[in-house]
Every structure is written in C-alpha cells, then in structure tokens.
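Structure record follows, encoded as structure tokens.
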Amino acid sequence: IDPVINEILTYVKGGLWQEPVKKQISVQGLKVLLYGKCDVIKENTIYDIKRVSKYEIGKYSNSVQHVLYLYCTDIPYFKYLISDGKSVWVEDYNLTKHTENELKTIVSDFICWLGTNNLLETYKTNWKCKY
C-alpha cells in the first residue's frame with residue numbers, strides 16, 4: 001500500500017464514511033437548516049480528506065466546513081487530512097463555546113450579502129432544502 005494512503009488510513013480506518021449531518025440555526029429571524037456530509041466520523045473526531053497540489057500551513061483555517069460540522073454534530077474534534085500525494089499534513093480544530101456564535105456570524109454575513117445583492121427574496125423563494 002502507498003505510504004501516504006497508509007498514513008491516512010491509520011486515522012480513518014473503522015470510521016463511518018460519508019455521514020450526513022444537519023442542524024437548524026436561527027439567524028436574523030430566519031430559520032436556516034445547515035447540512036453536509038462528513039468524509040469520516042471516527043469516535044470523537046470528524047476527518048476531512050483533502051488532495052492539494054500545494055499546501056500552506058493553516059490553509060483551511062478560514063473554512064466554514066469545520067465550524068459547520070463541529071456545530072451540527074457536537075463532536076469535539078475535527079481534523080483535515082491534507083495530502084499532495086507525497087506527504088500528509090493535519091490541521092486540527094475543536095468545538096468550543098464560541099463555535100455557535102462563529103457560525104451565526106458566518107450565516108449572518110451570507111444573509112447580509114444576499115440582501116446587499118438583492119437576492120434574499122429570491123433565495124427564500126427558490127432555495128429548496130432536500131433534507
């Protein structure tokens with residue numbers, strides 16, 4: 001087995017793959033259903049596997065993905081497993097008392113962006129949740 005694949009497998013072997021997660025949140029008077037699919041959930045950790053051509057430390061620090069998955073599941077740990085095919089890097093994120101407020105800010109910013117671009121009513125009318 002390829003050493004990089006083997007290293008990733010040491011983290012995720014025995015985990016649940018492509019687990020759907022969802023949770024409702026209220027922001028600015030709107031009820032928003034957040035959802036996604038976690039690559040792997042194993043014990044108390046969510047793993048997301050990323051393939052990149054180039055990696056820089058903290059590449060995913062501003063991503064909404066780990067904030068959303070931590071909030072939706074209440075699972076305490078999230079790890080990005082990042083590889084360029086030669087090496088594996090791990091970025092760790094944790095559920096904190098600030099996770100919900102951080103996510104509310106992200107959703108609020110999105111709602112404001114929709115409003116600023118005259119898309120809020122279109123979004124409310126046309127966005128159909130499949131969950």
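Identifiers in the structure tokens: chain A, B, ... in order shown; residue index from 1 per chain; ligand index from 1 in order shown.
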(Q) Need to verify the contact set: stretch 107-123 of chain A, 12 Å, only C-alpha atoms, exclusion of same-chain residues closer than 5 positions in sequence. Can you return it as a PyMOL selection string? (A) chain A and resi 24-34+64+67-68+100-102+128-129
Residues from last step as file, N, CA and C atoms, as an mmCIF file, in the first residue's frame:
data_model
loop_
_atom_site.group_PDB
_atom_site.id
_atom_site.type_symbol
_atom_site.label_atom_id
_atom_site.label_comp_id
_atom_site.auth_asym_id
_atom_site.auth_seq_id
_atom_site.Cartn_x
_atom_site.Cartn_y
_atom_site.Cartn_z
ATOM 1 N N GLN A 24 -30.545 22.819 12.628
ATOM 2 C CA GLN A 24 -31.180 24.107 12.343
ATOM 3 C C GLN A 24 -30.584 25.187 13.237
ATOM 4 N N ILE A 25 -30.478 26.380 12.667
ATOM 5 C CA ILE A 25 -29.973 27.534 13.407
ATOM 6 C C ILE A 25 -30.859 28.730 13.043
ATOM 7 N N SER A 26 -31.084 29.616 13.982
ATOM 8 C CA SER A 26 -31.845 30.835 13.707
ATOM 9 C C SER A 26 -30.896 32.017 13.683
ATOM 10 N N VAL A 27 -30.971 32.766 12.599
ATOM 11 C CA VAL A 27 -30.114 33.938 12.417
ATOM 12 C C VAL A 27 -30.948 35.037 11.775
ATOM 13 N N GLN A 28 -30.922 36.214 12.365
ATOM 14 C CA GLN A 28 -31.662 37.371 11.844
ATOM 15 C C GLN A 28 -33.130 37.026 11.602
ATOM 16 N N GLY A 29 -33.719 36.256 12.471
ATOM 17 C CA GLY A 29 -35.120 35.889 12.355
ATOM 18 C C GLY A 29 -35.417 34.820 11.320
ATOM 19 N N LEU A 30 -34.383 34.305 10.677
ATOM 20 C CA LEU A 30 -34.569 33.243 9.693
ATOM 21 C C LEU A 30 -34.148 31.907 10.291
ATOM 22 N N LYS A 31 -34.923 30.873 10.001
ATOM 23 C CA LYS A 31 -34.516 29.519 10.368
ATOM 24 C C LYS A 31 -33.747 28.950 9.179
ATOM 25 N N VAL A 32 -32.514 28.545 9.442
ATOM 26 C CA VAL A 32 -31.647 28.031 8.386
ATOM 27 C C VAL A 32 -31.258 26.610 8.747
ATOM 28 N N LEU A 33 -31.456 25.678 7.816
ATOM 29 C CA LEU A 33 -31.033 24.307 8.035
ATOM 30 C C LEU A 33 -29.653 24.134 7.430
ATOM 31 N N LEU A 34 -28.700 23.827 8.276
ATOM 32 C CA LEU A 34 -27.326 23.595 7.846
ATOM 33 C C LEU A 34 -27.152 22.101 7.636
ATOM 34 N N VAL A 64 -15.427 27.437 6.398
ATOM 35 C CA VAL A 64 -16.653 27.269 7.190
ATOM 36 C C VAL A 64 -16.903 25.790 7.470
ATOM 37 N N VAL A 67 -16.254 24.461 11.063
ATOM 38 C CA VAL A 67 -17.159 25.147 12.000
ATOM 39 C C VAL A 67 -18.560 24.547 11.885
ATOM 40 N N LEU A 68 -19.020 24.375 10.661
ATOM 41 C CA LEU A 68 -20.348 23.823 10.417
ATOM 42 C C LEU A 68 -20.464 22.389 10.936
ATOM 43 N N GLU A 100 -20.809 28.132 18.026
ATOM 44 C CA GLU A 100 -22.140 28.549 17.578
ATOM 45 C C GLU A 100 -22.148 30.012 17.149
ATOM 46 N N ASN A 101 -21.536 30.887 17.933
ATOM 47 C CA ASN A 101 -21.505 32.310 17.565
ATOM 48 C C ASN A 101 -20.689 32.543 16.295
ATOM 49 N N GLU A 102 -19.618 31.794 16.139
ATOM 50 C CA GLU A 102 -18.803 31.909 14.925
ATOM 51 C C GLU A 102 -19.642 31.531 13.700
ATOM 52 N N LYS A 128 -34.680 25.253 -2.097
ATOM 53 C CA LYS A 128 -35.442 24.129 -1.569
ATOM 54 C C LYS A 128 -34.496 23.138 -0.923
ATOM 55 N N CYS A 129 -34.683 22.930 0.358
ATOM 56 C CA CYS A 129 -33.843 22.001 1.099
ATOM 57 C C CYS A 129 -34.245 20.568 0.774
#
Q: Write down as a list in words the residues belonging to stretch 40-102 of chain A that are assigned helix (DSSP H, G or I) by DSSP computed on the backbone.
A: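 Those residues are Val64, Gln65, His66, Val67, Leu68, Tyr69, Leu70, Tyr71, Cys72, Thr73, Thr99, Glu100, Asn101 and Glu102 of chain A.
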Take the residues that were just selected and, keeping N, CA and C atoms, output them as a tab-separated table (two decimals), in the first residue's frame.
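See part-v6.tsv below for the written result:
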chain	number	residue	atom	x	y	z
A	64	VAL	N	-15.43	27.44	6.40
A	64	VAL	CA	-16.65	27.27	7.19
A	64	VAL	C	-16.90	25.79	7.47
A	65	GLN	N	-16.27	24.91	6.72
A	65	GLN	CA	-16.58	23.48	6.80
A	65	GLN	C	-16.41	22.91	8.21
A	66	HIS	N	-15.28	23.12	8.82
A	66	HIS	CA	-15.08	22.53	10.15
A	66	HIS	C	-15.99	23.18	11.19
A	67	VAL	N	-16.25	24.46	11.06
A	67	VAL	CA	-17.16	25.15	12.00
A	67	VAL	C	-18.56	24.55	11.88
A	68	LEU	N	-19.02	24.38	10.66
A	68	LEU	CA	-20.35	23.82	10.42
A	68	LEU	C	-20.46	22.39	10.94
A	69	TYR	N	-19.51	21.55	10.62
A	69	TYR	CA	-19.58	20.14	11.04
A	69	TYR	C	-19.46	19.99	12.55
A	70	LEU	N	-18.60	20.76	13.17
A	70	LEU	CA	-18.49	20.71	14.64
A	70	LEU	C	-19.81	21.13	15.27
A	71	TYR	N	-20.40	22.19	14.76
A	71	TYR	CA	-21.67	22.68	15.31
A	71	TYR	C	-22.80	21.66	15.09
A	72	CYS	N	-22.90	21.12	13.89
A	72	CYS	CA	-24.01	20.20	13.57
A	72	CYS	C	-23.94	18.90	14.35
A	73	THR	N	-22.75	18.47	14.72
A	73	THR	CA	-22.61	17.15	15.35
A	73	THR	C	-22.35	17.21	16.85
A	99	THR	N	-18.12	28.26	19.02
A	99	THR	CA	-18.43	27.69	17.70
A	99	THR	C	-19.78	28.17	17.18
A	100	GLU	N	-20.81	28.13	18.03
A	100	GLU	CA	-22.14	28.55	17.58
A	100	GLU	C	-22.15	30.01	17.15
A	101	ASN	N	-21.54	30.89	17.93
A	101	ASN	CA	-21.50	32.31	17.56
A	101	ASN	C	-20.69	32.54	16.30
A	102	GLU	N	-19.62	31.79	16.14
A	102	GLU	CA	-18.80	31.91	14.92
A	102	GLU	C	-19.64	31.53	13.70
Q: If you run DSSP over the backbone, which residues in stretch 19-98 of chain A end up strand (DSSP E or B)? Put them as a ChimeraX atom specification.
A: /A:19-27,30-42,45-51,77-83,88-94
Q | Distance query A:Leu16 at most 9 Å, only C-alpha atoms, self and fewer than 3 positions along chain excluded, as a PyMOL selection string | A | chain A and resi 12-13+19+38-42
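You will find atom CA of A:Tyr80 at 18.4 Å from atom CA of A:Leu103.
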(Q) With distances taken over only C-alpha atoms, which residue among A:Tyr47, A:Ile106, A:Asn6, A:Trp127 lies nearest A:Tyr93? (A) A:Tyr47
Nearby residues (only C-alpha atoms) at most 10 Å from A:Gly85, same-chain spacing under 3 positions excluded, as a compact mmCIF listing (two decimals) with N, CA and C atoms, in the first residue's frame:
# COMPACT_ATOMS: atom_id res chain seq x y z
N ASP A 2 0.47 2.25 -0.72
CA ASP A 2 1.19 3.52 -0.78
C ASP A 2 1.34 4.10 0.62
N PRO A 3 2.53 4.61 0.98
CA PRO A 3 2.74 5.15 2.34
C PRO A 3 1.80 6.29 2.71
N VAL A 4 1.45 7.15 1.78
CA VAL A 4 0.55 8.26 2.06
C VAL A 4 -0.86 7.73 2.34
N ILE A 5 -1.32 6.83 1.52
CA ILE A 5 -2.64 6.23 1.74
C ILE A 5 -2.65 5.50 3.08
N ARG A 51 -7.06 16.64 -1.10
CA ARG A 51 -5.94 16.43 -2.01
C ARG A 51 -5.59 17.80 -2.58
N VAL A 52 -4.34 18.19 -2.45
CA VAL A 52 -3.90 19.50 -2.92
C VAL A 52 -2.65 19.36 -3.78
N SER A 53 -2.38 20.36 -4.60
CA SER A 53 -1.13 20.36 -5.36
C SER A 53 -0.03 21.04 -4.54
N ILE A 82 -4.58 16.35 4.86
CA ILE A 82 -4.27 17.02 3.60
C ILE A 82 -3.04 16.37 2.98
N VAL A 88 1.62 13.99 4.14
CA VAL A 88 0.32 14.22 4.76
C VAL A 88 0.49 15.27 5.86
Q.
Let me make sure I understand: among A:Ile8, A:Ile75, A:Val21, A:Ile46, which one has the smallest atom-to-atom distance to A:Trp89 if we use only C-alpha atoms?
A.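 Among the listed residues, A:Ile8 lies closest to A:Trp89.
Reported to one decimal place, the separation of atom CA of A:Leu81 from atom CA of A:Ile49 is 4.8 Å.
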